[in-house]
>>> print(open('entry23.cif').read())   # mmCIF, C-alpha atoms
data_data
loop_
_atom_site.label_atom_id
_atom_site.label_comp_id
_atom_site.auth_asym_id
_atom_site.auth_seq_id
_atom_site.Cartn_x
_atom_site.Cartn_y
_atom_site.Cartn_z
CA MET O 1 65.30 -65.69 -74.32
CA ILE O 2 68.36 -65.49 -72.08
CA GLN O 3 71.04 -62.90 -72.68
CA THR O 4 74.60 -64.23 -72.56
CA GLN O 5 78.11 -62.88 -73.15
CA VAL O 6 78.57 -60.54 -70.20
CA GLN O 7 80.07 -57.22 -71.26
CA SER O 8 79.93 -54.99 -68.15
CA LEU O 9 78.10 -54.75 -64.84
CA TYR O 10 75.89 -51.72 -64.12
CA PHE O 11 74.38 -50.64 -60.82
CA LEU O 12 70.64 -51.35 -60.68
CA CYS O 13 69.55 -50.91 -57.05
CA ASN O 14 70.26 -51.82 -53.47
CA SER O 15 69.15 -55.35 -52.56
CA ILE O 16 66.66 -54.06 -49.99
CA GLU O 17 64.66 -52.37 -52.77
CA LEU O 18 63.59 -55.73 -54.24
CA VAL O 19 60.89 -57.13 -51.98
CA GLU O 20 59.76 -60.73 -52.45
CA GLY O 21 56.67 -60.69 -54.72
CA GLY O 22 56.48 -56.89 -54.43
CA LEU O 23 56.80 -53.93 -56.73
CA ALA O 24 59.26 -54.10 -59.59
CA VAL O 25 62.24 -51.77 -59.85
CA PRO O 26 62.17 -50.24 -63.35
CA PHE O 27 65.21 -49.31 -65.41
CA ASP O 28 65.85 -48.31 -69.01
CA VAL O 29 68.06 -50.20 -71.45
CA VAL O 30 68.83 -50.26 -75.15
CA TYR O 31 67.91 -53.66 -76.61
CA ASP O 32 68.85 -54.36 -80.23
CA GLY O 33 69.28 -50.63 -80.77
CA GLU O 34 65.86 -49.70 -79.33
CA MET O 35 65.29 -47.98 -75.99
CA CYS O 36 63.17 -50.20 -73.74
CA ARG O 37 61.90 -50.29 -70.20
CA ALA O 38 63.08 -53.24 -68.10
CA PHE O 39 62.23 -54.35 -64.57
CA ALA O 40 63.75 -56.27 -61.70
CA ILE O 41 61.85 -58.32 -59.12
CA ARG O 42 62.65 -60.72 -56.31
CA TYR O 43 61.19 -64.22 -56.45
CA GLU O 44 62.01 -67.12 -54.12
CA GLY O 45 64.83 -65.04 -52.67
CA LEU O 46 66.59 -64.35 -55.96
CA PRO O 47 66.63 -61.19 -58.05
CA GLN O 48 65.35 -61.55 -61.62
CA ALA O 49 65.11 -59.02 -64.45
CA TYR O 50 63.38 -58.89 -67.83
CA LEU O 51 62.51 -56.47 -70.59
CA ASN O 52 59.12 -55.00 -69.77
CA ARG O 53 57.65 -56.27 -73.02
CA CYS O 54 54.95 -58.93 -73.40
CA SER O 55 55.90 -61.65 -75.87
CA HIS O 56 52.35 -61.67 -77.26
CA VAL O 57 52.24 -58.00 -78.29
CA PRO O 58 55.16 -55.71 -77.39
CA VAL O 59 53.45 -53.67 -74.66
CA GLU O 60 54.61 -53.15 -71.09
CA LEU O 61 53.25 -55.63 -68.55
CA ASP O 62 52.38 -53.24 -65.67
CA PHE O 63 48.72 -52.81 -64.80
CA GLN O 64 49.77 -50.02 -62.42
CA PRO O 65 53.27 -48.53 -62.22
CA ASN O 66 55.73 -51.28 -61.29
CA ARG O 67 52.95 -53.81 -60.47
CA ILE O 68 53.81 -56.85 -62.53
CA PHE O 69 53.12 -59.66 -60.06
CA ASP O 70 49.60 -61.01 -59.73
CA ASP O 71 47.86 -60.66 -56.34
CA SER O 72 49.45 -63.90 -55.09
CA GLY O 73 52.99 -62.72 -55.87
CA GLN O 74 53.58 -65.98 -57.76
CA TRP O 75 53.16 -64.97 -61.43
CA LEU O 76 54.12 -62.10 -63.71
CA VAL O 77 51.06 -60.95 -65.64
CA CYS O 78 50.51 -58.78 -68.70
CA ALA O 79 47.67 -56.44 -67.80
CA SER O 80 46.74 -55.88 -71.46
CA HIS O 81 46.30 -59.46 -72.63
CA GLY O 82 46.43 -61.71 -69.56
CA ALA O 83 49.61 -63.54 -70.55
CA VAL O 84 51.20 -65.17 -67.50
CA TYR O 85 54.94 -65.73 -67.03
CA GLN O 86 57.06 -67.69 -64.57
CA PRO O 87 58.96 -65.19 -62.39
CA ASP O 88 62.16 -67.27 -62.20
CA THR O 89 62.53 -68.01 -65.93
CA GLY O 90 60.26 -65.57 -67.78
CA GLN O 91 58.75 -68.49 -69.70
CA CYS O 92 55.10 -68.35 -70.71
CA ALA O 93 52.88 -70.21 -68.25
CA GLY O 94 49.50 -69.39 -69.80
CA GLY O 95 47.47 -67.01 -71.87
CA PRO O 96 48.32 -65.48 -75.23
CA CYS O 97 52.10 -65.41 -75.16
CA ARG O 98 54.78 -66.65 -77.54
CA GLY O 99 57.89 -68.00 -75.88
CA GLY O 100 58.86 -65.88 -72.94
CA LEU O 101 60.20 -62.61 -71.67
CA VAL O 102 63.72 -61.45 -72.53
CA LYS O 103 65.78 -62.20 -69.42
CA ILE O 104 68.46 -59.83 -68.18
CA MET O 105 71.20 -61.42 -66.11
CA LEU O 106 71.75 -59.95 -62.65
CA LEU O 107 74.44 -60.21 -60.02
CA GLU O 108 73.75 -59.59 -56.34
CA ARG O 109 76.87 -58.80 -54.33
CA ASP O 110 77.40 -56.96 -51.04
CA SER O 111 73.71 -55.95 -50.82
CA VAL O 112 73.79 -54.36 -54.28
CA ILE O 113 72.22 -55.60 -57.52
CA PHE O 114 73.95 -55.12 -60.86
CA TRP O 115 72.71 -55.93 -64.36
CA ASN O 116 74.89 -57.33 -67.12
CA SER O 117 75.14 -55.75 -70.53
CA THR O 118 75.58 -57.97 -73.60
CA ASP O 119 76.13 -57.48 -77.32
CA THR O 120 72.40 -56.72 -77.71
CA LEU O 121 71.68 -55.12 -74.31
CA GLU O 122 73.30 -51.83 -73.32
CA PRO O 123 72.69 -48.94 -70.94
CA CYS O 124 70.75 -45.93 -72.29
CA VAL O 125 73.47 -43.57 -71.19
CA SER O 126 77.11 -44.29 -70.53
CA PRO O 127 77.26 -44.94 -66.78
CA THR O 128 80.54 -46.10 -65.36
CA PRO O 129 80.57 -49.92 -65.31
CA PHE O 130 81.70 -51.74 -62.17
#
>>> encode(input="entry23.cif", output="structure tokens")
Amino acid sequence: MIQTQVQSLYFLCNSIELVEGGLAVPFDVVYDGEMCRAFAIRYEGLPQAYLNRCSHVPVELDFQPNRIFDDSGQWLVCASHGAVYQPDTGQCAGGPCRGGLVKIMLLERDSVIFWNSTDTLEPCVSPTPF
């Protein structure tokens, strides 16, 4: 599911913090009124972000803190159920998943990554938007 209708941009991290196929950068959001963990990764040179919630059963994907990629750095994997997701789209690529991950739109500008809020996706606190 892709979030649309950009509301505001919020600082996420510096671009250098997202390493290709490496550890995820976690951040907290409010999605549909519920506080959730989200994560950002870099895949094929582009930053991507999703709610950290498996579409099979709503549990976080990490098998160790911020480790969401498989060993090859090519797939996002739910450690609890083995669901596999495409890093660039969040769509289910195998295993017990329904649909895909909830995508969070990002903007990378001047070596900084920002995430976009929407009608259903907001910051947990009220940081100053850019």
>>> resolve_selection(input="entry23.cif", expression="the PyMOL selection byres ((chain O and resi 109) around 12)", output="JSON, numbers by chain")
{"O": [9, 11, 12, 13, 14, 15, 46, 47, 106, 107, 108, 110, 111, 112, 113, 114, 115, 130]}
>>> resolve_selection(input="entry23.cif", expression="the PyMOL selection byres ((chain O and resi 94) around 12)", output="NGL selection string")
:O and (55-56 or 75-78 or 81-86 or 90-93 or 95-100)
>>> axis_aligned_box(input="entry23.cif", around="range 91-108 of chain O", padding_each_side="3 Å", output="JSON")
{"center_x": 61.0, "center_y": -64.9, "center_z": -66.9, "size_x": 33.0, "size_y": 16.6, "size_z": 27.2}
>>> closest_residue(input="entry23.cif", among="O:Asn116, O:Thr89, O:Gln74, O:Asn66", to="Leu23 in chain O", atoms="all atoms listed in the file")
O:Asn66
>>> closest_residue(input="entry23.cif", among="O:Ile68, O:Lys103, O:Glu17, O:Arg53", to="Cys36 in chain O", atoms="all atoms listed in the file")
O:Arg53
>>> decode(input="entry23.cif", residues="range 52-64 of chain O", atoms="all heavy atoms", output="mmCIF file, in the first residue's frame")
data_model
loop_
_atom_site.group_PDB
_atom_site.id
_atom_site.type_symbol
_atom_site.label_atom_id
_atom_site.label_comp_id
_atom_site.auth_asym_id
_atom_site.auth_seq_id
_atom_site.Cartn_x
_atom_site.Cartn_y
_atom_site.Cartn_z
ATOM 1 N N ASN O 52 7.212 -1.072 9.886
ATOM 2 C CA ASN O 52 7.867 -2.316 10.291
ATOM 3 C C ASN O 52 6.796 -3.266 10.814
ATOM 4 O O ASN O 52 6.704 -3.551 12.000
ATOM 5 C CB ASN O 52 8.930 -2.043 11.352
ATOM 6 C CG ASN O 52 9.841 -3.230 11.556
ATOM 7 O OD1 ASN O 52 9.600 -4.305 11.024
ATOM 8 N ND2 ASN O 52 10.880 -3.024 12.339
ATOM 9 N N ARG O 53 5.995 -3.746 9.873
ATOM 10 C CA ARG O 53 4.848 -4.587 10.219
ATOM 11 C C ARG O 53 4.618 -5.585 9.078
ATOM 12 O O ARG O 53 4.284 -5.207 7.971
ATOM 13 C CB ARG O 53 3.621 -3.698 10.393
ATOM 14 C CG ARG O 53 2.394 -4.453 10.814
ATOM 15 C CD ARG O 53 1.193 -3.554 10.870
ATOM 16 N NE ARG O 53 1.289 -2.649 12.010
ATOM 17 C CZ ARG O 53 0.415 -1.692 12.257
ATOM 18 N NH1 ARG O 53 -0.591 -1.495 11.448
ATOM 19 N NH2 ARG O 53 0.547 -0.933 13.300
ATOM 20 N N CYS O 54 4.784 -6.863 9.380
ATOM 21 C CA CYS O 54 4.553 -7.906 8.391
ATOM 22 C C CYS O 54 3.085 -7.887 7.971
ATOM 23 O O CYS O 54 2.193 -7.679 8.803
ATOM 24 C CB CYS O 54 4.905 -9.261 8.999
ATOM 25 S SG CYS O 54 4.739 -10.656 7.857
ATOM 26 N N SER O 55 2.831 -8.121 6.699
ATOM 27 C CA SER O 55 1.438 -8.130 6.226
ATOM 28 C C SER O 55 0.733 -9.449 6.539
ATOM 29 O O SER O 55 -0.477 -9.547 6.430
ATOM 30 C CB SER O 55 1.372 -7.841 4.722
ATOM 31 O OG SER O 55 1.966 -8.885 3.984
ATOM 32 N N HIS O 56 1.485 -10.465 6.956
ATOM 33 C CA HIS O 56 0.900 -11.751 7.327
ATOM 34 C C HIS O 56 0.280 -11.658 8.721
ATOM 35 O O HIS O 56 -0.902 -11.910 8.920
ATOM 36 C CB HIS O 56 1.971 -12.840 7.273
ATOM 37 C CG HIS O 56 1.533 -14.160 7.799
ATOM 38 N ND1 HIS O 56 2.235 -14.823 8.775
ATOM 39 C CD2 HIS O 56 0.474 -14.941 7.508
ATOM 40 C CE1 HIS O 56 1.612 -15.960 9.050
ATOM 41 N NE2 HIS O 56 0.548 -16.058 8.302
ATOM 42 N N VAL O 57 1.100 -11.293 9.681
ATOM 43 C CA VAL O 57 0.684 -11.065 11.072
ATOM 44 C C VAL O 57 1.399 -9.783 11.485
ATOM 45 O O VAL O 57 2.593 -9.654 11.240
ATOM 46 C CB VAL O 57 1.102 -12.238 11.984
ATOM 47 C CG1 VAL O 57 0.789 -11.937 13.431
ATOM 48 C CG2 VAL O 57 0.429 -13.523 11.544
ATOM 49 N N PRO O 58 0.706 -8.836 12.094
ATOM 50 C CA PRO O 58 1.340 -7.539 12.375
ATOM 51 C C PRO O 58 2.408 -7.588 13.473
ATOM 52 O O PRO O 58 2.201 -7.139 14.591
ATOM 53 C CB PRO O 58 0.165 -6.649 12.765
ATOM 54 C CG PRO O 58 -0.874 -7.576 13.254
ATOM 55 C CD PRO O 58 -0.696 -8.860 12.496
ATOM 56 N N VAL O 59 3.564 -8.162 13.119
ATOM 57 C CA VAL O 59 4.737 -8.170 13.995
ATOM 58 C C VAL O 59 5.870 -7.478 13.246
ATOM 59 O O VAL O 59 5.869 -7.405 12.015
ATOM 60 C CB VAL O 59 5.168 -9.597 14.396
ATOM 61 C CG1 VAL O 59 4.086 -10.291 15.210
ATOM 62 C CG2 VAL O 59 5.527 -10.432 13.172
ATOM 63 N N GLU O 60 6.849 -6.979 13.982
ATOM 64 C CA GLU O 60 7.993 -6.337 13.344
ATOM 65 C C GLU O 60 8.832 -7.373 12.614
ATOM 66 O O GLU O 60 8.903 -8.541 13.014
ATOM 67 C CB GLU O 60 8.821 -5.573 14.376
ATOM 68 C CG GLU O 60 8.057 -4.366 14.919
ATOM 69 C CD GLU O 60 8.876 -3.485 15.839
ATOM 70 O OE1 GLU O 60 10.082 -3.742 16.038
ATOM 71 O OE2 GLU O 60 8.286 -2.528 16.369
ATOM 72 N N LEU O 61 9.474 -6.940 11.525
ATOM 73 C CA LEU O 61 10.218 -7.850 10.662
ATOM 74 C C LEU O 61 11.585 -8.253 11.213
ATOM 75 O O LEU O 61 12.052 -9.356 10.939
ATOM 76 C CB LEU O 61 10.436 -7.208 9.284
ATOM 77 C CG LEU O 61 9.190 -6.801 8.512
ATOM 78 C CD1 LEU O 61 9.578 -6.047 7.252
ATOM 79 C CD2 LEU O 61 8.340 -8.003 8.179
ATOM 80 N N ASP O 62 12.248 -7.389 11.958
ATOM 81 C CA ASP O 62 13.636 -7.571 12.383
ATOM 82 C C ASP O 62 13.889 -8.917 13.045
ATOM 83 O O ASP O 62 13.155 -9.313 13.939
ATOM 84 C CB ASP O 62 14.063 -6.536 13.421
ATOM 85 C CG ASP O 62 13.608 -5.127 13.146
ATOM 86 O OD1 ASP O 62 12.516 -4.941 12.614
ATOM 87 O OD2 ASP O 62 14.359 -4.221 13.507
ATOM 88 N N PHE O 63 14.967 -9.587 12.643
ATOM 89 C CA PHE O 63 15.378 -10.784 13.368
ATOM 90 C C PHE O 63 16.438 -10.415 14.397
ATOM 91 O O PHE O 63 16.648 -11.124 15.351
ATOM 92 C CB PHE O 63 15.863 -11.904 12.433
ATOM 93 C CG PHE O 63 17.091 -11.600 11.639
ATOM 94 C CD1 PHE O 63 18.340 -11.943 12.112
ATOM 95 C CD2 PHE O 63 16.988 -10.999 10.390
ATOM 96 C CE1 PHE O 63 19.470 -11.678 11.361
ATOM 97 C CE2 PHE O 63 18.122 -10.743 9.642
ATOM 98 C CZ PHE O 63 19.364 -11.071 10.127
ATOM 99 N N GLN O 64 17.105 -9.318 14.208
ATOM 100 C CA GLN O 64 17.966 -8.659 15.177
ATOM 101 C C GLN O 64 17.701 -7.176 14.980
ATOM 102 O O GLN O 64 17.222 -6.776 13.918
ATOM 103 C CB GLN O 64 19.433 -8.989 14.925
ATOM 104 C CG GLN O 64 19.784 -10.427 15.206
ATOM 105 C CD GLN O 64 21.259 -10.712 14.916
ATOM 106 O OE1 GLN O 64 21.998 -9.865 14.460
ATOM 107 N NE2 GLN O 64 21.660 -11.940 15.176
#
